[in-house]
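Student: Next comes the structure file structure02.txt, holding compact mmCIF, C-alpha atoms.
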# COMPACT_ATOMS: atom_id res chain seq x y z
CA MET Z 1 53.50 54.79 67.47
CA ALA Z 2 54.23 54.84 71.17
CA ILE Z 3 55.74 58.00 72.60
CA SER Z 4 55.31 58.19 76.36
CA PHE Z 5 56.09 60.83 78.94
CA SER Z 6 56.81 60.06 82.61
CA TYR Z 7 57.64 62.41 85.43
CA GLN Z 8 59.95 61.87 88.40
CA LYS Z 9 59.93 65.61 89.12
CA ASP Z 10 56.62 66.27 90.87
CA ASP Z 11 56.32 69.95 90.01
CA PHE Z 12 56.75 69.53 86.24
CA ALA Z 13 54.56 68.25 83.42
CA LEU Z 14 54.49 68.97 79.70
CA VAL Z 15 51.66 71.27 78.70
CA GLU Z 16 51.08 69.98 75.16
CA GLU Z 17 51.86 66.26 75.27
CA ALA Z 18 49.74 65.34 72.23
CA LYS Z 19 51.23 68.10 70.08
CA ILE Z 20 54.77 67.20 71.16
CA ARG Z 21 54.09 63.56 70.19
CA GLN Z 22 52.94 64.74 66.74
CA TRP Z 23 56.05 66.89 66.38
CA ILE Z 24 58.41 64.07 67.34
CA ALA Z 25 56.65 61.73 64.90
CA ALA Z 26 56.92 64.35 62.13
CA VAL Z 27 60.68 64.69 62.70
CA VAL Z 28 61.19 60.91 62.73
CA GLN Z 29 58.99 60.33 59.66
CA GLY Z 30 60.73 63.20 57.87
CA ARG Z 31 63.86 61.04 58.02
CA GLN Z 32 62.04 58.11 56.38
CA CYS Z 33 61.93 56.29 59.70
CA ARG Z 34 59.11 54.91 61.85
CA VAL Z 35 58.32 55.66 65.47
CA GLY Z 36 58.76 52.63 67.67
CA SER Z 37 58.68 52.84 71.44
CA ILE Z 38 60.10 56.14 72.71
CA GLY Z 39 59.92 56.87 76.42
CA TYR Z 40 60.77 60.19 78.04
CA LEU Z 41 61.42 60.62 81.74
CA PHE Z 42 61.56 64.18 83.07
CA CYS Z 43 63.52 64.27 86.31
CA ASP Z 44 65.69 66.39 88.58
CA ASP Z 45 69.50 66.71 88.58
CA ALA Z 46 70.05 64.19 91.36
CA TYR Z 47 68.05 61.48 89.60
CA LEU Z 48 69.80 62.01 86.25
CA LEU Z 49 73.24 62.18 87.88
CA GLU Z 50 72.58 58.83 89.58
CA ALA Z 51 71.58 57.30 86.23
CA ASN Z 52 74.60 58.87 84.52
CA MET Z 53 76.93 57.27 87.07
CA LYS Z 54 75.11 53.92 87.15
CA TYR Z 55 74.72 53.33 83.41
CA LEU Z 56 77.48 55.41 81.82
CA ASN Z 57 80.11 55.79 84.58
CA HIS Z 58 79.96 59.58 84.15
CA ASP Z 59 80.07 61.60 87.37
CA THR Z 60 78.81 64.80 85.74
CA LEU Z 61 75.60 66.75 85.52
CA THR Z 62 73.96 66.73 82.12
CA ASP Z 63 70.65 67.80 80.63
CA ILE Z 64 69.92 64.56 78.75
CA ILE Z 65 70.82 60.90 78.52
CA THR Z 66 69.63 58.89 75.54
CA PHE Z 67 69.44 55.08 75.48
CA ASP Z 68 69.30 53.88 71.87
CA TYR Z 69 67.20 50.80 70.99
CA VAL Z 70 66.88 51.61 67.27
CA GLU Z 71 66.48 48.67 64.89
CA GLY Z 72 66.89 49.65 61.25
CA THR Z 73 64.34 52.38 60.54
CA LEU Z 74 62.30 51.66 63.68
CA VAL Z 75 63.26 54.42 66.11
CA SER Z 76 63.03 53.36 69.75
CA GLY Z 77 64.77 54.49 72.91
CA ASP Z 78 64.56 55.91 76.39
CA ILE Z 79 65.37 59.57 76.98
CA MET Z 80 65.97 61.06 80.40
CA ILE Z 81 65.88 64.85 80.74
CA SER Z 82 66.88 66.89 83.79
CA VAL Z 83 64.38 69.72 84.06
CA ASP Z 84 66.79 71.42 86.49
CA ARG Z 85 69.54 71.51 83.83
CA VAL Z 86 67.13 72.73 81.16
CA GLU Z 87 66.01 75.57 83.44
CA GLU Z 88 69.59 76.58 84.19
CA ASN Z 89 70.68 76.30 80.55
CA ALA Z 90 67.75 78.45 79.42
CA VAL Z 91 68.95 81.19 81.75
CA ASP Z 92 72.60 80.74 80.68
CA PHE Z 93 71.69 80.86 76.97
CA GLY Z 94 69.18 83.68 77.41
CA VAL Z 95 66.28 81.77 75.86
CA PRO Z 96 62.79 80.94 77.15
CA PHE Z 97 62.53 77.71 79.16
CA GLU Z 98 60.05 76.21 76.68
CA GLN Z 99 62.43 76.77 73.75
CA GLU Z 100 65.33 75.10 75.56
CA LEU Z 101 63.07 72.24 76.66
CA HIS Z 102 61.97 71.61 73.08
CA ARG Z 103 65.58 71.75 71.89
CA VAL Z 104 66.56 69.08 74.42
CA ILE Z 105 63.49 66.94 73.66
CA ILE Z 106 64.41 66.82 69.98
CA HIS Z 107 68.14 66.50 70.72
CA GLY Z 108 67.46 63.01 72.08
CA ILE Z 109 65.46 62.08 69.00
CA LEU Z 110 68.28 63.28 66.74
CA HIS Z 111 70.67 61.01 68.65
CA LEU Z 112 68.29 58.09 68.01
CA LEU Z 113 68.30 59.09 64.33
CA GLY Z 114 72.10 58.75 64.30
CA GLN Z 115 73.30 62.32 64.82
CA GLY Z 116 76.31 62.52 67.10
CA ASP Z 117 77.65 65.54 68.96
CA LYS Z 118 81.10 64.51 70.20
CA SER Z 119 83.20 66.51 67.75
CA GLU Z 120 82.91 70.22 66.94
CA GLU Z 121 81.67 69.36 63.45
CA GLU Z 122 79.03 66.95 64.81
CA SER Z 123 77.92 69.55 67.36
CA LYS Z 124 77.44 72.15 64.62
CA GLU Z 125 75.40 69.68 62.57
CA MET Z 126 73.36 68.74 65.65
CA ARG Z 127 72.56 72.41 66.24
CA CYS Z 128 71.46 72.83 62.60
CA GLN Z 129 69.20 69.78 62.85
CA GLU Z 130 67.77 71.00 66.16
CA ASN Z 131 66.96 74.35 64.54
CA GLU Z 132 65.27 72.63 61.58
CA ALA Z 133 63.18 70.54 63.98
CA LEU Z 134 62.27 73.63 66.02
CA GLN Z 135 61.04 75.26 62.80
CA ILE Z 136 58.73 72.27 62.29
CA TRP Z 137 57.43 72.80 65.83
CA ASP Z 138 56.79 76.48 65.05
CA THR Z 139 54.74 75.59 61.98
CA MET Z 140 52.60 73.21 64.04
CA ARG Z 141 51.55 75.90 66.50
Any chance you could put this one into structure tokens?

Tutor:
Amino acid sequence: MAISFSYQKDDFALVEEAKIRQWIAAVVQGRQCRVGSIGYLFCDDAYLLEANMKYLNHDTLTDIITFDYVEGTLVSGDIMISVDRVEENAVDFGVPFEQELHRVIIHGILHLLGQGDKSEEESKEMRCQENEALQIWDTMR
């Protein structure tokens, strides 16, 4: 199991890295999959926008980009999260920053597990799966 966290944004760091690793592993293993190499990079809007344009040809701000390297049941990938977007979305949705951050952290994992979010139906299912994963987090606290 190799879940790593890196930080481009100097004024941000996860508080409970070990517990978040356990949570991610629990979600992945709950889907009868194995944790491979999963790397998170927490960055600012400018950094993520540059990556979005460079790798995906999308000139838009987003909270997360997920690069999928999954092979069978071995879940691997790189996940980039804009802390700036998460902060703004938390305010817009009226939820605590930590809750929105955890939702986005697990959102990337759900993409690696095959859950899409392009259609309205997929988005609803993604939200249900995020909520289930957040309940697992709550039980771990």

Student: Could you state the separation of CA of Gln8 in chain Z and CA of Met53 in chain Z in Å, given to one decimal place?

Tutor: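 Those two atoms sit 17.6 Å apart.
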
Student: Enter the distance from CA of Val35 in chain Z to CA of Arg21 in chain Z, in Å, rounded to one decimal.

Tutor: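 Separation of CA of Val35 in chain Z and CA of Arg21 in chain Z: 10.1 Å.
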
Student: To one decimal place, how far is CA of Val70 in chain Z from CA of Leu113 in chain Z in Å?

Tutor: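 Separation between CA of Val70 in chain Z and CA of Leu113 in chain Z: 8.2 Å.
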
Student: Please build the interface table for range 80-140 of chain Z against range 40-49 of chain Z with a cut-off of 9 Å, listing for each qualifying residue the nearest atom pair and the distance in Å to one decimal; count only C-alpha atoms, order rows by chain and increasing number, and write it as a tab-separated table.

Tutor:
residue	atom	partner	partner_atom	distance
Z:Met80	CA	Z:Leu41	CA	4.8
Z:Ile81	CA	Z:Phe42	CA	5.0
Z:Ser82	CA	Z:Cys43	CA	5.0
Z:Val83	CA	Z:Asp44	CA	5.8
Z:Asp84	CA	Z:Asp44	CA	5.6
Z:Arg85	CA	Z:Asp45	CA	6.8
Z:Ile105	CA	Z:Tyr40	CA	8.5

Student: For Leu110 in chain Z, which of Z:Ile79, Z:Ile20, Z:Ala13, Z:Val86 is the closest residue, counting all atoms listed in the file?

Tutor: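 Among the listed residues, Z:Ile79 lies closest to Leu110 in chain Z.
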
Student: Between Z:Glu71, Z:Cys128, Z:Lys9, Z:Leu134, which is the closest to Glu100 in chain Z once you count all atoms listed in the file?

Tutor: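 Nearest to Glu100 in chain Z: Z:Leu134.
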
Student: Just the residues within 6 Å of Arg34 in chain Z, please, counting all atoms listed in the file, with nothing from its chain fewer than 6 positions along; format it as a PyMOL selection string.

Tutor: chain Z and resi 73-75

Student: Find the residues near Val15 in chain Z: any atom within 12 Å, counting all atoms listed in the file, skip ones fewer than 4 places away on the same chain, and give them as a PyMOL selection string.

Tutor: chain Z and resi 5+19-21+98+101-102

Student: Measuring atom to atom with only C-alpha atoms, identify which of Z:Glu130, Z:Phe97, Z:Asn57, Z:Leu112 is nearest to Leu14 in chain Z.

Tutor: Z:Phe97

Student: Which one of Z:Ile3, Z:Ala18, Z:Ala51, Z:Ile106 sits closest to Arg127 in chain Z if you count only C-alpha atoms?

Tutor: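 Ranking Z:Ile3, Z:Ala18, Z:Ala51, Z:Ile106 by distance to Arg127 in chain Z, first place goes to Z:Ile106.
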
Student: Could you tell me which of Z:Asp59, Z:Asp78, Z:Glu125, Z:Glu132 comes closest to Gly39 in chain Z if we count all atoms listed in the file?

Tutor: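 Nearest candidate to Gly39 in chain Z out of Z:Asp59, Z:Asp78, Z:Glu125, Z:Glu132: Z:Asp78.
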
Student: Looking at Z:Leu61, Z:Glu17, Z:Gly30, Z:Asp11, which one is nearest to Gln129 in chain Z, with distances taken over all atoms listed in the file?

Tutor: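 Ranking Z:Leu61, Z:Glu17, Z:Gly30, Z:Asp11 by distance to Gln129 in chain Z, first place goes to Z:Gly30.
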
Student: Quick one: residues within 9 Å of Met126 in chain Z, only C-alpha atoms, excluding same-chain residues fewer than 6 positions away - as a ChimeraX atom specification?

Tutor: /Z:107,110-111,115-117

Student: List every protein, DNA or RNA residue with an atom no more than 7 Å from (59.2, 50.9, 73.6) in the file's coordinates, counting only C-alpha atoms, and format the result as a list in words.

Tutor: Ala2, Gly36, Ser37, Ile38, Gly39, Ser76 and Gly77 of chain Z

Student: Once 8 Å is added on each side, what are the centre and the three edge lengths, in Å to one decimal, of the axis-aligned box enclosing the listed atoms of range 62-81 of chain Z? Present them as lines of an AutoDock Vina configuration file.

Tutor:
center_x = 68.1
center_y = 58.2
center_z = 71.3
size_x = 27.7
size_y = 35.1
size_z = 37.6
